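Novice: model_39.pdb is reproduced below (PDB, C-alpha atoms, pLDDT in the B column).
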ATOM      1  CA  MET A 601     -64.262  54.192  61.439  1.00 73.00           C
ATOM      2  CA  GLN A 602     -62.404  51.989  63.933  1.00 85.00           C
ATOM      3  CA  GLU A 603     -59.084  52.776  65.609  1.00 88.00           C
ATOM      4  CA  LEU A 604     -56.854  49.686  65.743  1.00 93.00           C
ATOM      5  CA  ASP A 605     -54.572  48.530  68.538  1.00 93.00           C
ATOM      6  CA  ILE A 606     -50.894  47.631  68.040  1.00 94.00           C
ATOM      7  CA  GLN A 607     -51.616  43.935  67.444  1.00 95.00           C
ATOM      8  CA  GLN A 608     -54.233  44.710  64.804  1.00 95.00           C
ATOM      9  CA  ILE A 609     -51.902  47.193  63.119  1.00 95.00           C
ATOM     10  CA  GLY A 610     -49.114  44.607  62.972  1.00 95.00           C
ATOM     11  CA  LYS A 611     -51.442  41.961  61.544  1.00 95.00           C
ATOM     12  CA  ALA A 612     -52.704  44.319  58.806  1.00 96.00           C
ATOM     13  CA  ILE A 613     -49.167  45.386  57.820  1.00 96.00           C
ATOM     14  CA  ASP A 614     -47.930  41.766  57.797  1.00 96.00           C
ATOM     15  CA  GLU A 615     -50.752  40.601  55.536  1.00 96.00           C
ATOM     16  CA  ALA A 616     -50.453  43.603  53.217  1.00 96.00           C
ATOM     17  CA  THR A 617     -46.714  42.974  52.858  1.00 96.00           C
ATOM     18  CA  GLU A 618     -47.100  39.239  52.251  1.00 95.00           C
ATOM     19  CA  ARG A 619     -49.529  39.978  49.404  1.00 94.00           C
ATOM     20  CA  PHE A 620     -47.625  43.018  48.003  1.00 94.00           C
ATOM     21  CA  ILE A 621     -50.821  45.076  48.346  1.00 95.00           C
ATOM     22  CA  PRO A 622     -50.905  48.390  46.409  1.00 94.00           C
ATOM     23  CA  LEU A 623     -51.114  51.531  48.521  1.00 93.00           C
ATOM     24  CA  SER A 624     -51.655  55.231  48.082  1.00 89.00           C
ATOM     25  CA  ILE A 625     -49.131  57.694  49.517  1.00 90.00           C
ATOM     26  CA  SER A 626     -50.417  61.186  50.292  1.00 85.00           C
ATOM     27  CA  ILE A 627     -47.990  64.037  50.903  1.00 84.00           C
ATOM     28  CA  GLU A 628     -48.873  67.566  51.973  1.00 76.00           C
ATOM     29  CA  SER A 629     -46.098  69.544  50.323  1.00 68.00           C
ATOM     30  CA  GLY A 630     -47.287  72.835  48.880  1.00 63.00           C
ATOM     31  CA  GLY A 631     -50.664  71.142  48.392  1.00 64.00           C
ATOM     32  CA  TRP A 632     -51.687  67.504  48.609  1.00 71.00           C
ATOM     33  CA  GLN A 633     -50.180  64.939  46.252  1.00 78.00           C
ATOM     34  CA  ASN A 634     -51.414  61.360  45.802  1.00 80.00           C
ATOM     35  CA  LEU A 635     -48.749  58.862  44.708  1.00 86.00           C
ATOM     36  CA  HIS A 636     -49.053  55.136  43.994  1.00 89.00           C
ATOM     37  CA  SER A 637     -46.848  52.447  45.523  1.00 93.00           C
ATOM     38  CA  ARG A 638     -47.067  48.922  46.976  1.00 95.00           C
ATOM     39  CA  PHE A 639     -45.804  46.998  49.973  1.00 96.00           C
ATOM     40  CA  VAL A 640     -42.535  45.149  49.363  1.00 95.00           C
ATOM     41  CA  ALA A 641     -41.134  43.731  52.629  1.00 95.00           C
ATOM     42  CA  ILE A 642     -40.511  44.228  56.341  1.00 95.00           C
ATOM     43  CA  ARG A 643     -36.874  44.693  57.333  1.00 92.00           C
ATOM     44  CA  ASP A 644     -35.351  45.671  60.690  1.00 89.00           C
ATOM     45  CA  GLU A 645     -38.737  46.799  62.044  1.00 89.00           C
ATOM     46  CA  HIS A 646     -39.302  49.063  59.037  1.00 95.00           C
ATOM     47  CA  ILE A 647     -41.826  48.800  56.208  1.00 96.00           C
ATOM     48  CA  LEU A 648     -40.343  48.798  52.712  1.00 96.00           C
ATOM     49  CA  VAL A 649     -42.539  50.107  49.886  1.00 96.00           C
ATOM     50  CA  GLU A 650     -41.884  50.835  46.223  1.00 94.00           C
ATOM     51  CA  LEU A 651     -40.467  54.258  45.466  1.00 92.00           C
ATOM     52  CA  PRO A 652     -43.479  56.044  43.908  1.00 88.00           C
ATOM     53  CA  GLN A 653     -43.272  58.109  40.768  1.00 70.00           C
ATOM     54  CA  GLY A 654     -44.648  61.600  40.202  1.00 57.00           C
ATOM     55  CA  ASN A 655     -48.349  62.095  39.569  1.00 54.00           C
ATOM     56  CA  GLY A 656     -48.656  65.222  37.485  1.00 52.00           C
ATOM     57  CA  HIS A 657     -46.316  67.160  39.775  1.00 53.00           C
ATOM     58  CA  GLY A 658     -42.944  65.638  38.864  1.00 58.00           C
ATOM     59  CA  PRO A 659     -40.917  63.347  41.148  1.00 68.00           C
ATOM     60  CA  HIS A 660     -41.248  64.139  44.852  1.00 79.00           C
ATOM     61  CA  GLU A 661     -38.010  64.615  46.786  1.00 84.00           C
ATOM     62  CA  PHE A 662     -38.411  62.446  49.875  1.00 89.00           C
ATOM     63  CA  VAL A 663     -36.470  63.467  52.985  1.00 91.00           C
ATOM     64  CA  PRO A 664     -35.891  61.540  56.252  1.00 92.00           C
ATOM     65  CA  ALA A 665     -38.442  62.139  59.031  1.00 93.00           C
ATOM     66  CA  GLU A 666     -40.979  63.412  56.483  1.00 93.00           C
ATOM     67  CA  LYS A 667     -44.591  62.715  57.426  1.00 92.00           C
ATOM     68  CA  ILE A 668     -46.379  60.480  54.925  1.00 92.00           C
ATOM     69  CA  SER A 669     -50.023  59.397  54.923  1.00 90.00           C
ATOM     70  CA  LEU A 670     -50.776  55.851  53.755  1.00 93.00           C
ATOM     71  CA  SER A 671     -53.999  54.201  52.677  1.00 90.00           C
ATOM     72  CA  PHE A 672     -54.552  50.685  51.365  1.00 93.00           C
ATOM     73  CA  LYS A 673     -57.388  48.239  50.795  1.00 91.00           C
ATOM     74  CA  LEU A 674     -57.347  44.786  52.348  1.00 91.00           C
ATOM     75  CA  LYS A 675     -60.309  42.417  52.238  1.00 86.00           C
ATOM     76  CA  HIS A 676     -63.449  44.333  53.282  1.00 85.00           C
ATOM     77  CA  TYR A 677     -61.664  47.344  54.742  1.00 89.00           C
ATOM     78  CA  LYS A 678     -59.648  50.403  53.850  1.00 87.00           C
ATOM     79  CA  TYR A 679     -56.782  51.239  56.224  1.00 92.00           C
ATOM     80  CA  LEU A 680     -55.481  54.754  56.936  1.00 90.00           C
ATOM     81  CA  CYS A 681     -52.394  55.817  58.885  1.00 92.00           C
ATOM     82  CA  ASP A 682     -49.547  58.332  59.112  1.00 92.00           C
ATOM     83  CA  VAL A 683     -45.881  57.285  59.219  1.00 94.00           C
ATOM     84  CA  ARG A 684     -42.436  58.874  59.217  1.00 95.00           C
ATOM     85  CA  LEU A 685     -39.901  58.234  56.481  1.00 95.00           C
ATOM     86  CA  ALA A 686     -36.747  56.556  57.786  1.00 95.00           C
ATOM     87  CA  GLY A 687     -34.979  56.965  54.451  1.00 94.00           C
ATOM     88  CA  ILE A 688     -34.485  55.540  50.964  1.00 94.00           C
ATOM     89  CA  THR A 689     -32.753  52.178  50.675  1.00 94.00           C
ATOM     90  CA  SER A 690     -32.559  49.307  48.184  1.00 93.00           C
ATOM     91  CA  PHE A 691     -34.219  45.903  47.945  1.00 93.00           C
ATOM     92  CA  ARG A 692     -33.805  42.895  45.695  1.00 90.00           C
ATOM     93  CA  PHE A 693     -36.422  40.231  45.019  1.00 86.00           C
ATOM     94  CA  GLU A 694     -35.119  36.716  44.406  1.00 81.00           C
ATOM     95  CA  ASP A 695     -33.517  36.584  40.955  1.00 78.00           C
ATOM     96  CA  GLY A 696     -34.593  40.182  40.373  1.00 80.00           C
ATOM     97  CA  PRO A 697     -32.807  43.504  39.924  1.00 86.00           C
ATOM     98  CA  GLU A 698     -32.035  45.783  42.840  1.00 89.00           C
ATOM     99  CA  MET A 699     -34.648  48.510  43.242  1.00 91.00           C
ATOM    100  CA  PRO A 700     -34.909  51.699  45.351  1.00 92.00           C
ATOM    101  CA  VAL A 701     -37.554  51.587  48.079  1.00 94.00           C
ATOM    102  CA  LEU A 702     -38.850  53.810  50.845  1.00 95.00           C
ATOM    103  CA  SER A 703     -38.110  52.645  54.371  1.00 96.00           C
ATOM    104  CA  LEU A 704     -40.990  53.665  56.655  1.00 97.00           C
ATOM    105  CA  CYS A 705     -41.313  53.594  60.426  1.00 96.00           C
ATOM    106  CA  PHE A 706     -44.100  51.381  61.745  1.00 95.00           C
ATOM    107  CA  PRO A 707     -47.311  53.332  62.447  1.00 94.00           C
ATOM    108  CA  THR A 708     -48.424  53.663  66.046  1.00 92.00           C
ATOM    109  CA  HIS A 709     -51.997  54.643  65.099  1.00 92.00           C
ATOM    110  CA  MET A 710     -54.199  53.282  62.327  1.00 93.00           C
ATOM    111  CA  HIS A 711     -57.875  53.565  61.382  1.00 90.00           C
ATOM    112  CA  ARG A 712     -59.958  51.016  59.518  1.00 89.00           C
ATOM    113  CA  LEU A 713     -62.979  51.906  57.404  1.00 82.00           C
ATOM    114  CA  GLN A 714     -65.454  49.465  55.871  1.00 76.00           C
ATOM    115  CA  ARG A 715     -64.939  49.412  52.116  1.00 68.00           C
ATOM    116  CA  ARG A 716     -68.678  49.539  51.407  1.00 65.00           C
ATOM    117  CA  ASN A 717     -68.441  53.260  52.181  1.00 61.00           C
ATOM    118  CA  PHE A 718     -66.231  53.523  49.074  1.00 68.00           C
ATOM    119  CA  THR A 719     -68.985  52.096  46.865  1.00 78.00           C
ATOM    120  CA  ARG A 720     -70.069  54.752  44.403  1.00 85.00           C
ATOM    121  CA  VAL A 721     -73.763  55.618  44.654  1.00 90.00           C
ATOM    122  CA  GLY A 722     -75.815  57.735  42.288  1.00 92.00           C
ATOM    123  CA  ILE A 723     -77.817  60.660  43.605  1.00 93.00           C
ATOM    124  CA  PRO A 724     -81.450  59.468  43.933  1.00 91.00           C
ATOM    125  CA  PRO A 725     -84.146  61.005  41.703  1.00 89.00           C
ATOM    126  CA  GLY A 726     -85.697  64.035  43.331  1.00 88.00           C
ATOM    127  CA  ARG A 727     -82.542  64.898  45.289  1.00 91.00           C
ATOM    128  CA  ILE A 728     -80.317  67.756  44.144  1.00 92.00           C
ATOM    129  CA  VAL A 729     -76.730  67.858  45.387  1.00 95.00           C
ATOM    130  CA  ARG A 730     -74.620  70.797  44.224  1.00 95.00           C
ATOM    131  CA  ALA A 731     -70.827  71.081  44.078  1.00 95.00           C
ATOM    132  CA  SER A 732     -68.549  74.083  43.700  1.00 93.00           C
ATOM    133  CA  VAL A 733     -64.918  73.502  42.715  1.00 94.00           C
ATOM    134  CA  TRP A 734     -62.023  75.962  42.488  1.00 93.00           C
ATOM    135  CA  PRO A 735     -58.257  75.638  41.846  1.00 90.00           C
ATOM    136  CA  GLY A 736     -55.608  75.644  44.588  1.00 87.00           C
ATOM    137  CA  GLY A 737     -57.220  73.607  47.364  1.00 86.00           C
ATOM    138  CA  ARG A 738     -59.790  74.351  50.021  1.00 87.00           C
ATOM    139  CA  GLN A 739     -57.742  77.205  51.510  1.00 87.00           C
ATOM    140  CA  CYS A 740     -58.187  79.104  48.216  1.00 87.00           C
ATOM    141  CA  GLU A 741     -61.987  79.244  48.442  1.00 87.00           C
ATOM    142  CA  PRO A 742     -63.173  82.639  47.107  1.00 85.00           C
ATOM    143  CA  ALA A 743     -63.750  85.120  49.912  1.00 78.00           C
ATOM    144  CA  GLY A 744     -66.570  87.067  48.240  1.00 69.00           C
ATOM    145  CA  ILE A 745     -67.955  88.579  45.058  1.00 66.00           C
ATOM    146  CA  ASN A 746     -64.804  90.670  44.588  1.00 62.00           C
ATOM    147  CA  ASP A 747     -62.599  87.561  44.523  1.00 66.00           C
ATOM    148  CA  ASP A 748     -61.785  86.733  40.876  1.00 75.00           C
ATOM    149  CA  THR A 749     -60.968  83.037  41.552  1.00 77.00           C
ATOM    150  CA  LEU A 750     -62.617  80.920  38.845  1.00 84.00           C
ATOM    151  CA  VAL A 751     -65.266  78.642  40.394  1.00 88.00           C
ATOM    152  CA  PHE A 752     -66.927  75.749  38.539  1.00 90.00           C
ATOM    153  CA  SER A 753     -70.378  74.731  39.760  1.00 91.00           C
ATOM    154  CA  GLY A 754     -72.664  71.881  38.833  1.00 93.00           C
ATOM    155  CA  THR A 755     -74.882  69.012  39.924  1.00 95.00           C
ATOM    156  CA  VAL A 756     -73.316  65.971  41.572  1.00 96.00           C
ATOM    157  CA  LYS A 757     -74.000  62.778  39.590  1.00 94.00           C
ATOM    158  CA  ASP A 758     -72.592  60.206  42.022  1.00 94.00           C
ATOM    159  CA  ILE A 759     -70.409  60.107  45.114  1.00 93.00           C
ATOM    160  CA  SER A 760     -68.365  57.807  47.333  1.00 89.00           C
ATOM    161  CA  ALA A 761     -65.869  58.226  50.160  1.00 84.00           C
ATOM    162  CA  GLY A 762     -63.203  58.175  47.441  1.00 85.00           C
ATOM    163  CA  GLY A 763     -64.524  60.863  45.126  1.00 91.00           C
ATOM    164  CA  PHE A 764     -67.415  62.189  43.060  1.00 95.00           C
ATOM    165  CA  GLN A 765     -68.580  63.223  39.599  1.00 95.00           C
ATOM    166  CA  VAL A 766     -70.204  66.560  38.854  1.00 95.00           C
ATOM    167  CA  ILE A 767     -72.064  67.628  35.703  1.00 94.00           C
ATOM    168  CA  VAL A 768     -71.214  71.109  34.392  1.00 91.00           C
ATOM    169  CA  SER A 769     -72.297  73.093  31.342  1.00 86.00           C
ATOM    170  CA  LEU A 770     -70.225  73.247  28.179  1.00 70.00           C
ATOM    171  CA  GLU A 771     -69.094  76.790  28.990  1.00 74.00           C
ATOM    172  CA  GLN A 772     -67.614  75.721  32.349  1.00 70.00           C
ATOM    173  CA  VAL A 773     -65.090  73.055  31.328  1.00 76.00           C
ATOM    174  CA  PRO A 774     -61.778  73.692  33.163  1.00 82.00           C
ATOM    175  CA  GLU A 775     -58.423  73.314  31.443  1.00 83.00           C
ATOM    176  CA  TRP A 776     -56.763  71.324  34.240  1.00 88.00           C
ATOM    177  CA  GLU A 777     -54.248  68.528  34.021  1.00 86.00           C
ATOM    178  CA  ILE A 778     -54.941  65.227  35.758  1.00 84.00           C
ATOM    179  CA  GLY A 779     -53.834  65.516  39.384  1.00 84.00           C
ATOM    180  CA  HIS A 780     -54.564  69.258  39.615  1.00 87.00           C
ATOM    181  CA  LEU A 781     -55.326  70.235  43.227  1.00 88.00           C
ATOM    182  CA  VAL A 782     -58.733  71.785  43.852  1.00 92.00           C
ATOM    183  CA  GLY A 783     -60.956  72.762  46.732  1.00 93.00           C
ATOM    184  CA  VAL A 784     -64.540  71.531  46.813  1.00 95.00           C
ATOM    185  CA  ARG A 785     -67.718  72.375  48.683  1.00 94.00           C
ATOM    186  CA  ILE A 786     -70.690  70.024  48.305  1.00 96.00           C
ATOM    187  CA  ALA A 787     -74.144  71.147  49.436  1.00 95.00           C
ATOM    188  CA  PHE A 788     -76.533  68.262  50.158  1.00 93.00           C
ATOM    189  CA  GLY A 789     -79.622  70.427  50.478  1.00 86.00           C
ATOM    190  CA  MET A 790     -81.303  73.239  52.348  1.00 84.00           C
ATOM    191  CA  GLY A 791     -80.579  73.087  56.074  1.00 83.00           C
ATOM    192  CA  GLU A 792     -78.126  70.159  55.714  1.00 86.00           C
ATOM    193  CA  GLU A 793     -74.431  70.077  56.528  1.00 86.00           C
ATOM    194  CA  SER A 794     -72.053  70.840  53.634  1.00 91.00           C
ATOM    195  CA  LEU A 795     -68.850  69.004  52.790  1.00 93.00           C
ATOM    196  CA  PHE A 796     -65.603  70.994  52.491  1.00 93.00           C
ATOM    197  CA  ALA A 797     -62.445  69.196  51.303  1.00 92.00           C
ATOM    198  CA  ASN A 798     -59.388  68.984  49.068  1.00 91.00           C
ATOM    199  CA  ALA A 799     -59.547  66.895  45.909  1.00 92.00           C
ATOM    200  CA  GLN A 800     -57.641  66.085  42.732  1.00 89.00           C
ATOM    201  CA  PHE A 801     -59.001  66.454  39.208  1.00 91.00           C
ATOM    202  CA  ARG A 802     -59.190  63.000  37.555  1.00 89.00           C
ATOM    203  CA  HIS A 803     -61.100  63.267  34.260  1.00 89.00           C
ATOM    204  CA  CYS A 804     -63.355  65.312  31.999  1.00 89.00           C
ATOM    205  CA  ASP A 805     -65.793  63.451  29.705  1.00 89.00           C
ATOM    206  CA  PRO A 806     -68.552  64.772  27.432  1.00 88.00           C
ATOM    207  CA  CYS A 807     -72.121  63.796  28.301  1.00 85.00           C
ATOM    208  CA  ARG A 808     -74.373  62.123  25.763  1.00 83.00           C
ATOM    209  CA  ASP A 809     -76.374  65.285  25.089  1.00 79.00           C
ATOM    210  CA  GLY A 810     -73.227  67.032  23.848  1.00 76.00           C
ATOM    211  CA  MET A 811     -74.068  70.110  25.908  1.00 80.00           C
ATOM    212  CA  LYS A 812     -72.532  69.162  29.250  1.00 89.00           C
ATOM    213  CA  PHE A 813     -69.428  67.519  30.697  1.00 90.00           C
ATOM    214  CA  SER A 814     -68.845  65.103  33.565  1.00 92.00           C
ATOM    215  CA  LEU A 815     -65.882  66.066  35.763  1.00 93.00           C
ATOM    216  CA  GLY A 816     -64.370  63.445  38.069  1.00 94.00           C
ATOM    217  CA  PHE A 817     -62.561  64.247  41.322  1.00 94.00           C
ATOM    218  CA  GLN A 818     -60.754  62.197  43.972  1.00 89.00           C
ATOM    219  CA  PHE A 819     -60.859  63.279  47.615  1.00 90.00           C
ATOM    220  CA  ILE A 820     -57.420  63.572  49.228  1.00 85.00           C
ATOM    221  CA  GLY A 821     -56.207  63.981  52.777  1.00 79.00           C
ATOM    222  CA  LEU A 822     -59.329  62.486  54.363  1.00 82.00           C
ATOM    223  CA  GLY A 823     -58.785  60.134  57.274  1.00 74.00           C
ATOM    224  CA  HIS A 824     -55.504  61.769  58.296  1.00 72.00           C
ATOM    225  CA  SER A 825     -56.945  64.442  60.573  1.00 78.00           C
ATOM    226  CA  GLU A 826     -59.865  64.757  62.975  1.00 81.00           C
ATOM    227  CA  GLU A 827     -61.617  67.117  60.563  1.00 85.00           C
ATOM    228  CA  GLY A 828     -61.017  64.730  57.658  1.00 83.00           C
ATOM    229  CA  ARG A 829     -62.435  61.809  59.627  1.00 83.00           C
ATOM    230  CA  ASP A 830     -65.531  63.891  60.383  1.00 87.00           C
ATOM    231  CA  THR A 831     -65.859  64.443  56.631  1.00 89.00           C
ATOM    232  CA  LEU A 832     -65.574  60.692  56.033  1.00 86.00           C
ATOM    233  CA  ALA A 833     -68.295  60.105  58.620  1.00 86.00           C
ATOM    234  CA  LEU A 834     -70.555  62.593  56.798  1.00 89.00           C
ATOM    235  CA  LEU A 835     -69.835  60.873  53.480  1.00 89.00           C
ATOM    236  CA  GLY A 836     -70.641  57.466  54.967  1.00 85.00           C
ATOM    237  CA  GLN A 837     -73.914  58.814  56.325  1.00 88.00           C
ATOM    238  CA  LYS A 838     -74.906  60.272  52.944  1.00 90.00           C
ATOM    239  CA  ILE A 839     -73.881  57.130  51.029  1.00 88.00           C
ATOM    240  CA  ARG A 840     -76.063  54.964  53.274  1.00 87.00           C
ATOM    241  CA  GLU A 841     -78.908  57.465  52.964  1.00 90.00           C
ATOM    242  CA  PHE A 842     -78.714  57.625  49.157  1.00 89.00           C
ATOM    243  CA  SER A 843     -78.332  53.833  48.829  1.00 87.00           C
ATOM    244  CA  GLY A 844     -81.371  53.270  51.035  1.00 86.00           C
ATOM    245  CA  GLN A 845     -83.442  55.781  49.073  1.00 82.00           C
ATOM    246  CA  ARG A 846     -82.497  54.230  45.737  1.00 72.00           C
ATOM    247  CA  GLN A 847     -83.357  50.739  47.021  1.00 74.00           C
ATOM    248  CA  HIS A 848     -86.701  52.031  48.325  1.00 62.00           C
ATOM    249  CA  ASN A 849     -87.478  53.664  44.944  1.00 65.00           C
ATOM    250  CA  LYS A 850     -86.539  50.462  43.117  1.00 62.00           C
ATOM    251  CA  TYR A 851     -88.754  48.321  45.361  1.00 53.00           C
ATOM    252  CA  HIS A 852     -91.618  50.788  45.005  1.00 54.00           C
ATOM    253  CA  ARG A 853     -91.431  50.615  41.194  1.00 55.00           C
ATOM    254  CA  ILE A 854     -91.408  46.796  41.248  1.00 51.00           C
ATOM    255  CA  THR A 855     -94.444  46.523  43.523  1.00 53.00           C
ATOM    256  CA  GLN A 856     -96.549  49.079  41.664  1.00 55.00           C
TER     257      GLN A 856
END
Would it be possible to restate this file's structure as structure tokens?
Specialist:
Amino acid sequence: MQELDIQQIGKAIDEATERFIPLSISIESGGWQNLHSRFVAIRDEHILVELPQGNGHGPHEFVPAEKISLSFKLKHYKYLCDVRLAGITSFRFEDGPEMPVLSLCFPTHMHRLQRRNFTRVGIPPGRIVRASVWPGGRQCEPAGINDDTLVFSGTVKDISAGGFQVIVSLEQVPEWEIGHLVGVRIAFGMGEESLFANAQFRHCDPCRDGMKFSLGFQFIGLGHSEEGRDTLALLGQKIREFSGQRQHNKYHRITQ
């Protein structure tokens, strides 16, 4: 992960705006929310972006000076930054209707991450990666055996810096709506560092055997704190490790 200087930040914002690049808006308001938007224009040293709609939580009430986390993909990189909301204003494209937009202050800090870390990689044969997921975010992790918080556990199928899939038994399928906030702990193996993060529930699909389900989750809030960036670094390390092991196994099969 690379920290950009002011000139690099300006160049990235200019290009993203010129191309109307989609972006993700993350808000920590009673739990993380991920909303979808896109760059619209630059006006009076502010960034204008589409007013996002609700994502399973109803419309968010934006207020001036609110802290908002942005992430967007441009060429071979993913960009992450925090901004302050200047307010809600209006914008009109040529020959188009007037539309409400968010007016954002320019970021003073921005990080850039190579997009290859967001490539989804399957867990190599012979490796077992376990995940535990519970409702309410990471701060709601059960404190002990007397805690009655419902925890879903299973084997991780694949993972990226953006999210992961976990296989659970038929009896463990949660009744969550898309966008439901959860906490997650992923154990990569005996004696290895574990991952601890917030995520959103994205999907639940039956497996071919009819006895298990694949649950999909999207990490949220990573890249917007020192702890989150450490988590991204761990994910990048594991993705490279798993990719290398799968390539080695593939080459070994071919040469046998």
Novice: Just to confirm, what's the straight-line distance from CA of Glu741 (chain A) to CA of Ser794 (chain A) in Å (one decimal)?
Specialist: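 That distance, rounded to one decimal, is 14.1 Å.
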Novice: Compile the contact shell of region 633-650 of chain A as a list in words: residues with an atom at most 6 Å away, counting only C-alpha atoms, same-chain residues fewer than 5 positions apart removed.
Specialist: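 Once the nearby chain positions are removed, what remains is Thr617, Phe620, Ile621, Pro622, Leu623, Ser624, Ile625, Ser626, Ile627, Val701, Leu702, Ser703, Leu704, Cys705 and Phe706 of chain A.
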Novice: Quick check on the file I pasted: which residues fall under the PyMOL selection byres ((chain A and resi 724-733) around 6)? Write them as a list in words.
Specialist: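 Output from the PyMOL selection byres ((chain A and resi 724-733) around 6), applied to this file: Ile723, Trp734, Val751, Phe752, Ser753, Gly754, Thr755, Val756, Gly783, Val784, Arg785, Ile786, Ala787, Phe788 and Arg846 of chain A.
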Novice: Using only C-alpha atoms, find the one residue out of A:Gly821, A:Asp614, A:Lys838, A:Leu713 that sits nearest to Gly789 (chain A).
Specialist: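 Counting only C-alpha atoms, the residue closest to Gly789 (chain A) is A:Lys838.
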Novice: I need the residue set behind the PyMOL selection byres ((chain A and resi 684) around 10) for this file; please write it as a ChimeraX atom specification.
Specialist: /A:663-669,682-683,685-687,703-707
Novice: For Gln847 (chain A), which residue out of A:Val773, A:Glu827, A:Gly737, A:Gly722 is the nearest one, using all atoms listed in the file?
Specialist: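 Nearest to Gln847 (chain A): A:Gly722.
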Novice: Can you translate the PyMOL selection byres ((chain A and resi 805-809) around 12) into the concrete residues it hits in this file, as a list in words?
Specialist: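 When the PyMOL selection byres ((chain A and resi 805-809) around 12) is applied, the selected residues are Lys757, Gln765, Val766, Ile767, Val768, Ser769, Leu770, Val773, Pro774, Arg802, His803, Cys804, Gly810, Met811, Lys812, Phe813, Ser814, Leu815 and Gly816 of chain A.
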Novice: Around the point (-64.6, 57.5, 47.3) (coordinates from the file), which residues reach within 7 Å if we count only C-alpha atoms? Answer as JSON, numbers by chain.
Specialist: {"A": [718, 719, 720, 759, 760, 761, 762, 763, 764, 818, 819]}
Novice: Measure the distance from CA of Gln714 (chain A) to CA of Glu792 (chain A) in Å and round it to one decimal.
Specialist: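 CA of Glu792 (chain A) lies at a distance of 24.3 Å from CA of Gln714 (chain A).
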Novice: Rounded to one decimal place, report the CA of Leu832 (chain A)-CA of Ile778 (chain A) distance in Å.
Specialist: 23.3 Å
Novice: Could you work out an axis-aligned box for region 703-713 of chain A, taking every atom the file lists and adding 8 Å on each side, and report centre and edge lengths in Å to one decimal, as lines of an AutoDock Vina configuration file?
Specialist:
center_x = -50.5
center_y = 52.8
center_z = 60.2
size_x = 40.9
size_y = 19.6
size_z = 27.7
Novice: Ranking A:Ile609, A:Ile820, A:Leu674, A:Leu651 by minimum distance to His780 (chain A) and counting only C-alpha atoms, which one comes first?
Specialist: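 Answer, going by the shortest atom-to-atom distance: A:Ile820.
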Novice: Which residue gives the smallest distance to Gln837 (chain A) among A:Phe801, A:Glu793, A:Trp776, A:Asp695, with all atoms listed in the file counted?
Specialist: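 Checking each of A:Phe801, A:Glu793, A:Trp776, A:Asp695 against Gln837 (chain A), counting all atoms listed in the file, the winner is A:Glu793.
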Novice: Find the residue from A:Glu618, A:Glu628, A:Asp605, A:Glu841 that sits nearest to Leu781 (chain A); use all atoms listed in the file when measuring.
Specialist: A:Glu628
Novice: Which residues, written as a PyMOL selection string, have at least one atom at most 9 Å from Gln739 (chain A), with only C-alpha atoms counted and residues fewer than 3 positions away on the same chain left out?
Specialist: chain A and resi 736+742+783+798
Novice: Which is closest to Gly828 (chain A) among A:Glu698, A:Arg712, A:Gly791, A:Ala797, if we use all atoms listed in the file?
Specialist: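 Going through A:Glu698, A:Arg712, A:Gly791, A:Ala797 one by one, the smallest distance to Gly828 (chain A) is for A:Ala797.
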